[in-house]
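Below is one structure; the comments refer to it alone.
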Amino acid sequence: MIASTRFSVLDRSRTREGHETARALRDTVDLAREAEALGFHRFWVSEHHGVPGVAGSAPTVLAAAVAAATSTIRVGTGGVMLPNHRPLVVAEQFGVLASLFPGRIDMGLGRSVGFTDGVRRALGHGREDAEDFPGRLTELLGWIDGTQQAHPGVHAHPAEGLRIPAYVLAIGEGASVAAAAGLPLVIGDLRGRDKMLRAIEVYRRDFRPSARAEHPEVIVAGTVAVAGTEEAARRLLVPEAWAMAYSRTHGDFPPLAPAEEIGRRTMTAKERELYERGLDGHIHGTEDQVTEQLERAIKETGADEVLVTTSTYDREALVDSLRRLAGLVRRAG
């Protein structure tokens with residue numbers, strides 16, 4: 001099953017202790033070059049606002065930098081959070097990207113809003129805007145297809161008439177939106193397998209063929225860490241697990257710290273519980289162990305593609321993990 005599945009990479013431009021924020025963006029561009037050289041299908045970037053631990057706040061801008069630094073790999077967003085933007089502006093941005101890098105740009109779209117009330121106020125959008133995601137999605141696609149009627153006489157240049165593949169990002173309920181729109185579904189994460197499987201079932205059951213997709217297409221997203229030993233692979237998971245535990249106990253999402261330093265920290269009982277939970281369920285281990293885990297995940301989900309979302313402090317170890325993953329995919333073929 002691995003041999004017939006596409007593999008791609010999403011990088012969230014995570015900041016790291018001891019490194020300036022700008023370094024995270026340059027790291028993303030460097031990782032895209034590595035992903036292209038290793039044969040991954042696409043490379044996506046994300047959108048976060050007001051989060052100290054994430055530098056990727058302008059995904060279309062970062063996607064342009066990634067596309068300019070590469071030549072063959074597909075580049076896109078995982079994703080642009082549509083409730084934060086006017087659909088016309090999003091259409092124009094992707095129109096520019098698709099014009100500059102024809103045949104390589106993906107438009108991944110999500111329904112999330114800012115993480116805190118302060119960020120939402122700064123963006124000028126509240127939780128209610130997420131509820132109108134289907135309407136905003138329809139308007140956006142209409143700007144690109146030239147079919148929108150809400151603003152007669154207005155056109156989205158240079159997007160109108162271009163073929164820009166669109167994808168809907170979902171955790172659960174977004175699966176129905178993707179099905180109704182006839183668009184591919186990107187769903188995570190691989191740890192919550194039961195919830196994911198229910199959403200995929202709904203998506204496939206309710207999918208309505210469209211001009212953009214005749215059949216359902218499922219991309220599953222999650223952490224995949226490959227190393228020479230299971231212990232080394234687990235060590236790759238430590239920085240993100242601690243950052244998530246810290247954010248849920250302190251209300252602040254921190255830069256990634258080295259795994260060795262985290263191992264020496266004294267944690268409260270709550271922090272320890274959340275930290276250990278954050279380490280569980282991810283696909284990780286040696287090549288043989290990961291091969292077995294991926295085969296099971298692909299079989300259960302029927303995924304057409306796996307989008308690897310691994311974040312860690314040690315970028316060399318992250319590149320090595322992707323190199324090992326690419327190797328096991330080649331061997332499977």
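Each chain in the structure tokens gets a letter, A, B and so on, in the order shown; residues start at 1 in every chain, and ligands are counted from 1 in the order they appear.
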
Mind the document's chain letters and residue numbers, and return as a ChimeraX atom specification the residues of region 216-267 of chain A that DSSP labels helix (DSSP H, G or I).
/A:230-250,259-263

Would you put the residues from that selection into a file with N, CA, C and O atoms, as a compact mmCIF listing (two decimals), in the first residue's frame?
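Below is the file again.txt, written as the result:
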```txt
# COMPACT_ATOMS: atom_id res chain seq x y z
N GLU A 230 14.12 3.06 17.84
CA GLU A 230 12.83 3.55 18.29
C GLU A 230 12.99 4.69 19.29
O GLU A 230 12.24 5.66 19.28
N GLU A 231 14.01 4.60 20.13
CA GLU A 231 14.27 5.64 21.12
C GLU A 231 14.61 6.97 20.43
O GLU A 231 14.13 8.03 20.84
N ALA A 232 15.44 6.93 19.38
CA ALA A 232 15.80 8.14 18.67
C ALA A 232 14.59 8.75 17.98
O ALA A 232 14.43 9.98 17.93
N ALA A 233 13.72 7.91 17.44
CA ALA A 233 12.51 8.41 16.79
C ALA A 233 11.59 9.06 17.82
O ALA A 233 10.99 10.11 17.56
N ARG A 234 11.48 8.45 18.99
CA ARG A 234 10.64 9.01 20.04
C ARG A 234 11.20 10.36 20.51
O ARG A 234 10.45 11.28 20.84
N ARG A 235 12.52 10.49 20.50
CA ARG A 235 13.15 11.74 20.90
C ARG A 235 12.75 12.88 19.97
O ARG A 235 12.64 14.04 20.39
N LEU A 236 12.49 12.56 18.71
CA LEU A 236 12.03 13.58 17.77
C LEU A 236 10.67 14.15 18.18
O LEU A 236 10.35 15.30 17.87
N LEU A 237 9.87 13.37 18.88
CA LEU A 237 8.53 13.78 19.27
C LEU A 237 8.53 14.69 20.51
O LEU A 237 7.55 15.39 20.76
N VAL A 238 9.59 14.65 21.28
CA VAL A 238 9.62 15.31 22.59
C VAL A 238 9.39 16.82 22.54
O VAL A 238 8.57 17.35 23.31
N PRO A 239 10.09 17.59 21.68
CA PRO A 239 9.90 19.05 21.72
C PRO A 239 8.46 19.50 21.46
O PRO A 239 7.95 20.39 22.16
N GLU A 240 7.80 18.91 20.50
CA GLU A 240 6.42 19.31 20.21
C GLU A 240 5.48 18.85 21.33
O GLU A 240 4.54 19.59 21.69
N ALA A 241 5.71 17.67 21.88
CA ALA A 241 4.86 17.18 22.97
C ALA A 241 4.94 18.11 24.17
O ALA A 241 3.93 18.42 24.81
N TRP A 242 6.15 18.58 24.49
CA TRP A 242 6.31 19.49 25.62
C TRP A 242 5.68 20.86 25.31
O TRP A 242 5.02 21.46 26.17
N ALA A 243 5.85 21.35 24.09
CA ALA A 243 5.27 22.65 23.73
C ALA A 243 3.75 22.61 23.87
O ALA A 243 3.13 23.57 24.36
N MET A 244 3.13 21.52 23.44
CA MET A 244 1.68 21.39 23.57
C MET A 244 1.27 21.31 25.03
O MET A 244 0.29 21.94 25.46
N ALA A 245 2.01 20.54 25.83
CA ALA A 245 1.70 20.43 27.26
C ALA A 245 1.84 21.78 27.95
O ALA A 245 1.00 22.17 28.78
N TYR A 246 2.89 22.52 27.60
CA TYR A 246 3.12 23.83 28.20
C TYR A 246 2.00 24.80 27.83
O TYR A 246 1.50 25.57 28.66
N SER A 247 1.61 24.78 26.55
CA SER A 247 0.58 25.72 26.10
C SER A 247 -0.76 25.47 26.80
O SER A 247 -1.50 26.41 27.10
N ARG A 248 -1.04 24.21 27.10
CA ARG A 248 -2.33 23.88 27.72
C ARG A 248 -2.33 24.13 29.22
O ARG A 248 -3.40 24.15 29.84
N THR A 249 -1.17 24.33 29.80
CA THR A 249 -1.10 24.61 31.24
C THR A 249 -0.72 26.05 31.54
O THR A 249 -0.97 26.54 32.64
N HIS A 250 -0.14 26.75 30.55
CA HIS A 250 0.28 28.13 30.76
C HIS A 250 -0.38 29.13 29.83
O HIS A 250 -0.21 30.34 29.99
N ALA A 259 15.32 18.27 23.04
CA ALA A 259 14.75 17.13 23.75
C ALA A 259 15.52 16.84 25.04
O ALA A 259 14.91 16.50 26.07
N GLU A 260 16.84 16.96 25.01
CA GLU A 260 17.65 16.66 26.18
C GLU A 260 17.32 17.60 27.33
O GLU A 260 17.25 17.19 28.49
N GLU A 261 17.10 18.88 27.01
CA GLU A 261 16.76 19.86 28.04
C GLU A 261 15.39 19.56 28.64
O GLU A 261 15.18 19.66 29.86
N ILE A 262 14.44 19.19 27.80
CA ILE A 262 13.10 18.87 28.29
C ILE A 262 13.15 17.67 29.22
O ILE A 262 12.45 17.62 30.25
N GLY A 263 13.99 16.70 28.91
CA GLY A 263 14.11 15.51 29.74
C GLY A 263 14.60 15.81 31.14
O GLY A 263 14.36 15.01 32.08
```

Do a neighbour search on region 48-61 of chain A at 9 Å with only C-alpha atoms, toss out local chain neighbours closer than 3 positions, and write the hits as a ChimeraX atom specification.
/A:11-16,21-25,44-45,64-66,76-81,90,93-94,97,114-116,118-119,123,243,252-256

Take the residues from that selection and put them in a file with N, CA, C and O atoms, as a compact mmCIF listing (two decimals), in the first residue's frame.
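File part-v1.txt, as written:
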```txt
# COMPACT_ATOMS: atom_id res chain seq x y z
N ASP A 11 5.26 21.96 6.70
CA ASP A 11 6.12 22.53 7.74
C ASP A 11 5.46 23.77 8.31
O ASP A 11 5.06 24.66 7.56
N ARG A 12 5.35 23.83 9.64
CA ARG A 12 4.66 24.94 10.29
C ARG A 12 5.59 26.07 10.72
O ARG A 12 5.18 26.96 11.48
N SER A 13 6.83 26.04 10.28
CA SER A 13 7.78 27.12 10.59
C SER A 13 7.85 27.35 12.10
O SER A 13 7.74 28.48 12.57
N ARG A 14 8.09 26.27 12.84
CA ARG A 14 8.18 26.36 14.29
C ARG A 14 9.47 27.05 14.71
O ARG A 14 10.55 26.76 14.20
N THR A 15 9.34 28.00 15.63
CA THR A 15 10.52 28.67 16.16
C THR A 15 11.22 27.77 17.17
O THR A 15 10.61 26.85 17.72
N ARG A 16 12.51 28.06 17.40
CA ARG A 16 13.29 27.21 18.30
C ARG A 16 14.05 28.07 19.30
O ARG A 16 14.50 29.17 18.97
N THR A 21 13.46 34.33 15.21
CA THR A 21 12.22 33.92 14.54
C THR A 21 12.41 33.76 13.04
O THR A 21 11.89 32.82 12.42
N ALA A 22 13.18 34.68 12.43
CA ALA A 22 13.39 34.63 10.98
C ALA A 22 14.04 33.33 10.55
O ALA A 22 13.83 32.85 9.42
N ARG A 23 14.81 32.71 11.44
CA ARG A 23 15.49 31.45 11.11
C ARG A 23 14.46 30.37 10.78
O ARG A 23 14.69 29.52 9.92
N ALA A 24 13.30 30.40 11.47
CA ALA A 24 12.28 29.38 11.24
C ALA A 24 11.76 29.43 9.81
O ALA A 24 11.47 28.39 9.21
N LEU A 25 11.64 30.62 9.26
CA LEU A 25 11.16 30.75 7.89
C LEU A 25 12.21 30.27 6.89
O LEU A 25 11.90 29.59 5.91
N TRP A 44 3.77 21.93 1.80
CA TRP A 44 2.79 22.94 2.21
C TRP A 44 3.28 23.71 3.43
O TRP A 44 4.07 23.20 4.23
N VAL A 45 2.77 24.92 3.57
CA VAL A 45 3.04 25.76 4.74
C VAL A 45 1.72 26.14 5.39
O VAL A 45 0.65 26.02 4.78
N ALA A 64 5.27 31.50 -1.85
CA ALA A 64 5.98 32.11 -2.97
C ALA A 64 7.49 31.92 -2.82
O ALA A 64 8.19 31.60 -3.80
N ALA A 65 7.99 32.08 -1.59
CA ALA A 65 9.42 31.89 -1.35
C ALA A 65 9.82 30.44 -1.57
O ALA A 65 10.87 30.15 -2.16
N VAL A 66 8.97 29.51 -1.12
CA VAL A 66 9.25 28.09 -1.30
C VAL A 66 9.24 27.72 -2.78
O VAL A 66 10.13 27.01 -3.27
N GLY A 76 2.03 24.58 -1.67
CA GLY A 76 0.72 25.09 -1.32
C GLY A 76 0.59 25.41 0.15
O GLY A 76 1.57 25.53 0.88
N THR A 77 -0.66 25.53 0.58
CA THR A 77 -0.96 25.98 1.93
C THR A 77 -1.75 24.92 2.67
O THR A 77 -2.68 24.34 2.15
N GLY A 78 -1.37 24.73 3.90
CA GLY A 78 -2.08 23.75 4.71
C GLY A 78 -2.49 24.31 6.06
O GLY A 78 -2.09 23.80 7.07
N GLY A 79 -3.30 25.36 6.06
CA GLY A 79 -3.82 26.01 4.86
C GLY A 79 -4.03 27.48 5.13
O GLY A 79 -3.73 28.00 6.20
N VAL A 80 -4.62 28.15 4.16
CA VAL A 80 -5.13 29.51 4.38
C VAL A 80 -6.45 29.38 5.15
O VAL A 80 -7.35 28.65 4.73
N MET A 81 -6.54 30.08 6.28
CA MET A 81 -7.76 30.01 7.10
C MET A 81 -8.78 31.01 6.56
O MET A 81 -8.71 32.21 6.83
N VAL A 90 -8.03 36.25 -1.29
CA VAL A 90 -7.42 34.93 -1.35
C VAL A 90 -7.31 34.46 -2.80
O VAL A 90 -6.28 33.94 -3.24
N GLN A 93 -4.47 36.31 -4.48
CA GLN A 93 -3.15 35.84 -4.05
C GLN A 93 -2.78 34.53 -4.72
O GLN A 93 -1.65 34.37 -5.21
N PHE A 94 -3.73 33.60 -4.78
CA PHE A 94 -3.43 32.33 -5.43
C PHE A 94 -3.33 32.49 -6.94
O PHE A 94 -2.61 31.74 -7.61
N LEU A 97 0.23 33.48 -7.44
CA LEU A 97 1.10 32.32 -7.27
C LEU A 97 1.03 31.38 -8.47
O LEU A 97 2.05 30.93 -8.99
N GLY A 114 -8.61 32.74 14.93
CA GLY A 114 -7.52 32.94 15.88
C GLY A 114 -7.70 32.11 17.14
O GLY A 114 -8.83 31.83 17.57
N PHE A 115 -6.57 31.76 17.78
CA PHE A 115 -6.61 30.89 18.95
C PHE A 115 -7.15 31.59 20.19
O PHE A 115 -7.67 30.95 21.10
N THR A 116 -6.99 32.92 20.28
CA THR A 116 -7.42 33.65 21.48
C THR A 116 -8.37 34.78 21.09
O THR A 116 -8.42 35.20 19.93
N GLY A 118 -8.08 37.85 21.88
CA GLY A 118 -7.29 39.00 21.45
C GLY A 118 -6.88 38.91 20.00
O GLY A 118 -6.97 39.89 19.25
N VAL A 119 -6.43 37.74 19.57
CA VAL A 119 -6.03 37.54 18.18
C VAL A 119 -7.23 37.69 17.27
O VAL A 119 -7.16 38.32 16.20
N LEU A 123 -7.69 40.40 14.26
CA LEU A 123 -7.97 40.00 12.89
C LEU A 123 -9.31 40.55 12.39
O LEU A 123 -9.56 40.57 11.18
N ALA A 243 5.85 21.35 24.09
CA ALA A 243 5.27 22.65 23.73
C ALA A 243 3.75 22.61 23.87
O ALA A 243 3.13 23.57 24.36
N ASP A 252 0.34 29.72 26.73
CA ASP A 252 1.31 30.34 25.83
C ASP A 252 2.05 29.24 25.09
O ASP A 252 2.60 28.33 25.70
N PHE A 253 2.06 29.32 23.76
CA PHE A 253 2.69 28.30 22.94
C PHE A 253 4.15 28.67 22.74
O PHE A 253 4.46 29.65 22.05
N PRO A 254 5.10 27.92 23.32
CA PRO A 254 6.50 28.33 23.32
C PRO A 254 7.28 27.85 22.11
O PRO A 254 6.85 26.92 21.40
N PRO A 255 8.45 28.43 21.87
CA PRO A 255 9.37 27.87 20.87
C PRO A 255 9.78 26.45 21.27
O PRO A 255 9.70 26.08 22.45
N LEU A 256 10.20 25.67 20.31
CA LEU A 256 10.63 24.31 20.60
C LEU A 256 11.96 24.32 21.35
O LEU A 256 12.87 25.09 21.04
```

Which residue out of A:Arg331, A:Asp189, A:Arg104, A:Ala68 has the minimum interatomic distance to Val29 (chain A) when only C-alpha atoms are used?
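Counting only C-alpha atoms, the residue closest to Val29 (chain A) is A:Ala68.
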
d(CA of Leu322 (chain A), CA of Arg198 (chain A)) in Å
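Between CA of Leu322 (chain A) and CA of Arg198 (chain A) the gap works out to 29.0 Å.
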
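Pairwise distance (CA of Tyr313 (chain A), CA of Arg33 (chain A)) equals 18.6 Å.
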
Region 102-141 of chain A residues near region 171-177 of chain A within 12 Å, closest pair each, using only C-alpha atoms, as a Markdown table:
```
| residue | atom | partner | partner_atom | distance |
| --- | --- | --- | --- | --- |
| A:Leu109 | CA | A:Gly174 | CA | 10.4 |
| A:Gly110 | CA | A:Gly174 | CA | 8.3 |
| A:Arg111 | CA | A:Gly174 | CA | 7.9 |
| A:Ser112 | CA | A:Ile171 | CA | 10.3 |
| A:Ala130 | CA | A:Gly174 | CA | 10.6 |
| A:Glu131 | CA | A:Gly174 | CA | 10.5 |
| A:Asp132 | CA | A:Val177 | CA | 10.8 |
| A:Phe133 | CA | A:Val177 | CA | 8.3 |
| A:Pro134 | CA | A:Val177 | CA | 6.2 |
| A:Gly135 | CA | A:Val177 | CA | 9.9 |
| A:Arg136 | CA | A:Val177 | CA | 11.2 |
| A:Leu137 | CA | A:Val177 | CA | 9.0 |
| A:Thr138 | CA | A:Val177 | CA | 10.2 |
```

How would the residues just picked look written out with N, CA and C atoms as a PDB file, in the first residue's frame?
```pdb
ATOM      1  N   LEU A 109      -7.359  24.981   2.151  1.00  0.00           N
ATOM      2  CA  LEU A 109      -8.201  25.961   2.846  1.00  0.00           C
ATOM      3  C   LEU A 109      -8.770  25.370   4.128  1.00  0.00           C
ATOM      4  N   GLY A 110      -8.729  26.156   5.215  1.00  0.00           N
ATOM      5  CA  GLY A 110      -9.268  25.707   6.489  1.00  0.00           C
ATOM      6  C   GLY A 110     -10.274  26.688   7.043  1.00  0.00           C
ATOM      7  N   ARG A 111     -10.955  26.278   8.138  1.00  0.00           N
ATOM      8  CA  ARG A 111     -12.022  27.078   8.722  1.00  0.00           C
ATOM      9  C   ARG A 111     -11.684  27.634  10.101  1.00  0.00           C
ATOM     10  N   SER A 112     -10.443  27.491  10.556  1.00  0.00           N
ATOM     11  CA  SER A 112     -10.086  27.952  11.894  1.00  0.00           C
ATOM     12  C   SER A 112      -9.990  29.471  11.952  1.00  0.00           C
ATOM     13  N   ALA A 130     -16.306  31.369  11.279  1.00  0.00           N
ATOM     14  CA  ALA A 130     -15.997  29.989  10.915  1.00  0.00           C
ATOM     15  C   ALA A 130     -17.250  29.237  10.481  1.00  0.00           C
ATOM     16  N   GLU A 131     -18.396  29.652  11.009  1.00  0.00           N
ATOM     17  CA  GLU A 131     -19.647  28.969  10.655  1.00  0.00           C
ATOM     18  C   GLU A 131     -20.039  29.228   9.210  1.00  0.00           C
ATOM     19  N   ASP A 132     -19.519  30.305   8.633  1.00  0.00           N
ATOM     20  CA  ASP A 132     -19.846  30.636   7.243  1.00  0.00           C
ATOM     21  C   ASP A 132     -18.792  30.106   6.277  1.00  0.00           C
ATOM     22  N   PHE A 133     -17.986  29.161   6.746  1.00  0.00           N
ATOM     23  CA  PHE A 133     -16.938  28.613   5.895  1.00  0.00           C
ATOM     24  C   PHE A 133     -17.466  28.076   4.563  1.00  0.00           C
ATOM     25  N   PRO A 134     -18.588  27.307   4.541  1.00  0.00           N
ATOM     26  CA  PRO A 134     -19.084  26.826   3.245  1.00  0.00           C
ATOM     27  C   PRO A 134     -19.409  27.953   2.275  1.00  0.00           C
ATOM     28  N   GLY A 135     -19.993  29.040   2.787  1.00  0.00           N
ATOM     29  CA  GLY A 135     -20.323  30.159   1.920  1.00  0.00           C
ATOM     30  C   GLY A 135     -19.090  30.866   1.394  1.00  0.00           C
ATOM     31  N   ARG A 136     -18.104  31.047   2.266  1.00  0.00           N
ATOM     32  CA  ARG A 136     -16.860  31.685   1.841  1.00  0.00           C
ATOM     33  C   ARG A 136     -16.117  30.816   0.826  1.00  0.00           C
ATOM     34  N   LEU A 137     -16.159  29.511   1.033  1.00  0.00           N
ATOM     35  CA  LEU A 137     -15.520  28.594   0.096  1.00  0.00           C
ATOM     36  C   LEU A 137     -16.176  28.673  -1.275  1.00  0.00           C
ATOM     37  N   THR A 138     -17.502  28.686  -1.294  1.00  0.00           N
ATOM     38  CA  THR A 138     -18.230  28.790  -2.564  1.00  0.00           C
ATOM     39  C   THR A 138     -17.889  30.087  -3.279  1.00  0.00           C
TER      40      THR A 138
END
```

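Across the model, the gap from CA of Val329 (chain A) to CA of Glu287 (chain A) is 9.8 Å.
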
Extract the full set of strand (DSSP E) residues from region 97-243 of chain A according to DSSP on the backbone, and format it as number ranges by chain.
A: 105-110, 166-170, 185-188, 218-222, 224-226

Kindly export the residues of the current selection with all heavy atoms, as a short mmCIF file (atom, residue, chain, number, x, y, z; two decimals), in the first residue's frame.
```
data_model
loop_
_atom_site.label_atom_id
_atom_site.label_comp_id
_atom_site.auth_asym_id
_atom_site.auth_seq_id
_atom_site.Cartn_x
_atom_site.Cartn_y
_atom_site.Cartn_z
N ILE A 105 0.92 24.97 -7.94
CA ILE A 105 0.34 25.60 -6.74
C ILE A 105 -0.94 24.89 -6.29
O ILE A 105 -1.84 24.65 -7.09
CB ILE A 105 0.06 27.09 -6.99
CG1 ILE A 105 1.36 27.83 -7.33
CG2 ILE A 105 -0.63 27.72 -5.79
CD1 ILE A 105 2.42 27.78 -6.24
N ASP A 106 -1.00 24.58 -4.99
CA ASP A 106 -2.18 23.99 -4.36
C ASP A 106 -2.80 25.01 -3.40
O ASP A 106 -2.08 25.72 -2.69
CB ASP A 106 -1.82 22.75 -3.55
CG ASP A 106 -1.19 21.66 -4.39
OD1 ASP A 106 -1.60 21.51 -5.55
OD2 ASP A 106 -0.31 20.95 -3.87
N MET A 107 -4.12 25.02 -3.35
CA MET A 107 -4.84 25.94 -2.47
C MET A 107 -5.54 25.15 -1.37
O MET A 107 -6.67 24.72 -1.52
CB MET A 107 -5.86 26.75 -3.30
CG MET A 107 -6.60 27.81 -2.52
SD MET A 107 -7.57 28.93 -3.60
CE MET A 107 -8.70 27.74 -4.37
N GLY A 108 -4.82 24.93 -0.25
CA GLY A 108 -5.41 24.26 0.89
C GLY A 108 -6.12 25.27 1.76
O GLY A 108 -5.54 26.30 2.13
N LEU A 109 -7.36 24.98 2.15
CA LEU A 109 -8.20 25.96 2.85
C LEU A 109 -8.77 25.37 4.13
O LEU A 109 -9.25 24.24 4.14
CB LEU A 109 -9.35 26.40 1.93
CG LEU A 109 -8.92 26.94 0.57
CD1 LEU A 109 -10.09 26.94 -0.40
CD2 LEU A 109 -8.33 28.33 0.72
N GLY A 110 -8.73 26.16 5.21
CA GLY A 110 -9.27 25.71 6.49
C GLY A 110 -10.27 26.69 7.04
O GLY A 110 -10.45 27.79 6.53
N ALA A 166 -7.98 22.94 -5.32
CA ALA A 166 -8.40 23.35 -3.98
C ALA A 166 -8.60 22.12 -3.10
O ALA A 166 -9.06 21.07 -3.56
CB ALA A 166 -9.70 24.16 -4.06
N TYR A 167 -8.25 22.26 -1.83
CA TYR A 167 -8.36 21.19 -0.85
C TYR A 167 -8.98 21.75 0.42
O TYR A 167 -8.70 22.88 0.80
CB TYR A 167 -6.98 20.61 -0.51
CG TYR A 167 -6.24 20.07 -1.70
CD1 TYR A 167 -5.60 20.92 -2.60
CD2 TYR A 167 -6.17 18.70 -1.94
CE1 TYR A 167 -4.93 20.44 -3.71
CE2 TYR A 167 -5.50 18.20 -3.05
CZ TYR A 167 -4.88 19.08 -3.93
OH TYR A 167 -4.22 18.60 -5.03
N VAL A 168 -9.81 20.95 1.09
CA VAL A 168 -10.44 21.38 2.34
C VAL A 168 -9.75 20.67 3.49
O VAL A 168 -9.70 19.43 3.53
CB VAL A 168 -11.95 21.08 2.35
CG1 VAL A 168 -12.54 21.34 3.73
CG2 VAL A 168 -12.66 21.93 1.31
N LEU A 169 -9.25 21.45 4.45
CA LEU A 169 -8.64 20.90 5.65
C LEU A 169 -9.72 20.68 6.70
O LEU A 169 -10.58 21.54 6.90
CB LEU A 169 -7.58 21.84 6.22
CG LEU A 169 -6.19 21.81 5.57
CD1 LEU A 169 -6.23 22.23 4.11
CD2 LEU A 169 -5.23 22.70 6.34
N ALA A 170 -9.67 19.54 7.37
CA ALA A 170 -10.71 19.23 8.34
C ALA A 170 -10.16 18.43 9.49
O ALA A 170 -9.19 17.69 9.36
CB ALA A 170 -11.84 18.44 7.66
N LEU A 185 -10.17 16.00 0.47
CA LEU A 185 -10.19 16.20 1.91
C LEU A 185 -8.80 15.97 2.48
O LEU A 185 -8.16 14.96 2.20
CB LEU A 185 -11.18 15.23 2.55
CG LEU A 185 -11.21 15.16 4.08
CD1 LEU A 185 -11.82 16.44 4.65
CD2 LEU A 185 -11.99 13.94 4.56
N VAL A 186 -8.35 16.91 3.32
CA VAL A 186 -7.11 16.75 4.07
C VAL A 186 -7.51 16.66 5.54
O VAL A 186 -8.11 17.60 6.07
CB VAL A 186 -6.15 17.94 3.85
CG1 VAL A 186 -4.84 17.69 4.59
CG2 VAL A 186 -5.91 18.17 2.37
N ILE A 187 -7.21 15.56 6.18
CA ILE A 187 -7.73 15.34 7.53
C ILE A 187 -6.66 14.80 8.47
O ILE A 187 -5.82 14.00 8.09
CB ILE A 187 -8.95 14.38 7.48
CG1 ILE A 187 -9.61 14.28 8.84
CG2 ILE A 187 -8.56 13.01 6.92
CD1 ILE A 187 -10.99 13.67 8.79
N GLY A 188 -6.66 15.29 9.70
CA GLY A 188 -5.73 14.82 10.72
C GLY A 188 -6.45 14.70 12.06
O GLY A 188 -7.59 15.12 12.17
N VAL A 218 -8.60 11.45 -0.43
CA VAL A 218 -8.32 11.63 1.00
C VAL A 218 -6.82 11.73 1.24
O VAL A 218 -6.05 10.85 0.85
CB VAL A 218 -8.89 10.47 1.83
CG1 VAL A 218 -8.49 10.61 3.30
CG2 VAL A 218 -10.41 10.42 1.70
N ILE A 219 -6.43 12.82 1.89
CA ILE A 219 -5.05 13.01 2.32
C ILE A 219 -5.06 13.01 3.85
O ILE A 219 -5.72 13.84 4.47
CB ILE A 219 -4.48 14.35 1.80
CG1 ILE A 219 -4.51 14.40 0.28
CG2 ILE A 219 -3.05 14.56 2.32
CD1 ILE A 219 -4.10 15.74 -0.31
N VAL A 220 -4.37 12.06 4.46
CA VAL A 220 -4.32 12.00 5.92
C VAL A 220 -3.04 12.66 6.40
O VAL A 220 -1.97 12.47 5.81
CB VAL A 220 -4.42 10.55 6.44
CG1 VAL A 220 -5.77 9.95 6.10
CG2 VAL A 220 -3.30 9.67 5.90
N ALA A 221 -3.15 13.46 7.45
CA ALA A 221 -2.03 14.24 7.95
C ALA A 221 -1.66 13.83 9.36
O ALA A 221 -2.54 13.51 10.18
CB ALA A 221 -2.39 15.73 7.92
N GLY A 222 -0.38 13.81 9.64
CA GLY A 222 0.06 13.48 10.99
C GLY A 222 1.57 13.38 11.10
O GLY A 222 2.30 13.46 10.11
N VAL A 224 5.09 11.70 11.49
CA VAL A 224 5.80 10.46 11.15
C VAL A 224 7.27 10.71 11.44
O VAL A 224 7.88 11.61 10.86
CB VAL A 224 5.61 10.08 9.67
CG1 VAL A 224 6.39 8.80 9.36
CG2 VAL A 224 4.14 9.92 9.32
N ALA A 225 7.83 9.95 12.37
CA ALA A 225 9.23 10.13 12.75
C ALA A 225 9.99 8.82 12.57
O ALA A 225 9.62 7.80 13.16
CB ALA A 225 9.32 10.60 14.21
N VAL A 226 11.05 8.86 11.77
CA VAL A 226 11.83 7.66 11.47
C VAL A 226 13.28 7.90 11.89
O VAL A 226 13.85 8.95 11.58
CB VAL A 226 11.78 7.31 9.97
CG1 VAL A 226 12.24 5.88 9.74
CG2 VAL A 226 10.40 7.54 9.38
#
```

Quick one: residues within 7 Å of region 154-156 of chain A, only C-alpha atoms, excluding same-chain residues fewer than 3 positions away - as a list in words?
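Here the answer would be Leu88, Ala91, Glu92, Trp143, Ile144, His151, Ala159 and Glu160 of chain A.
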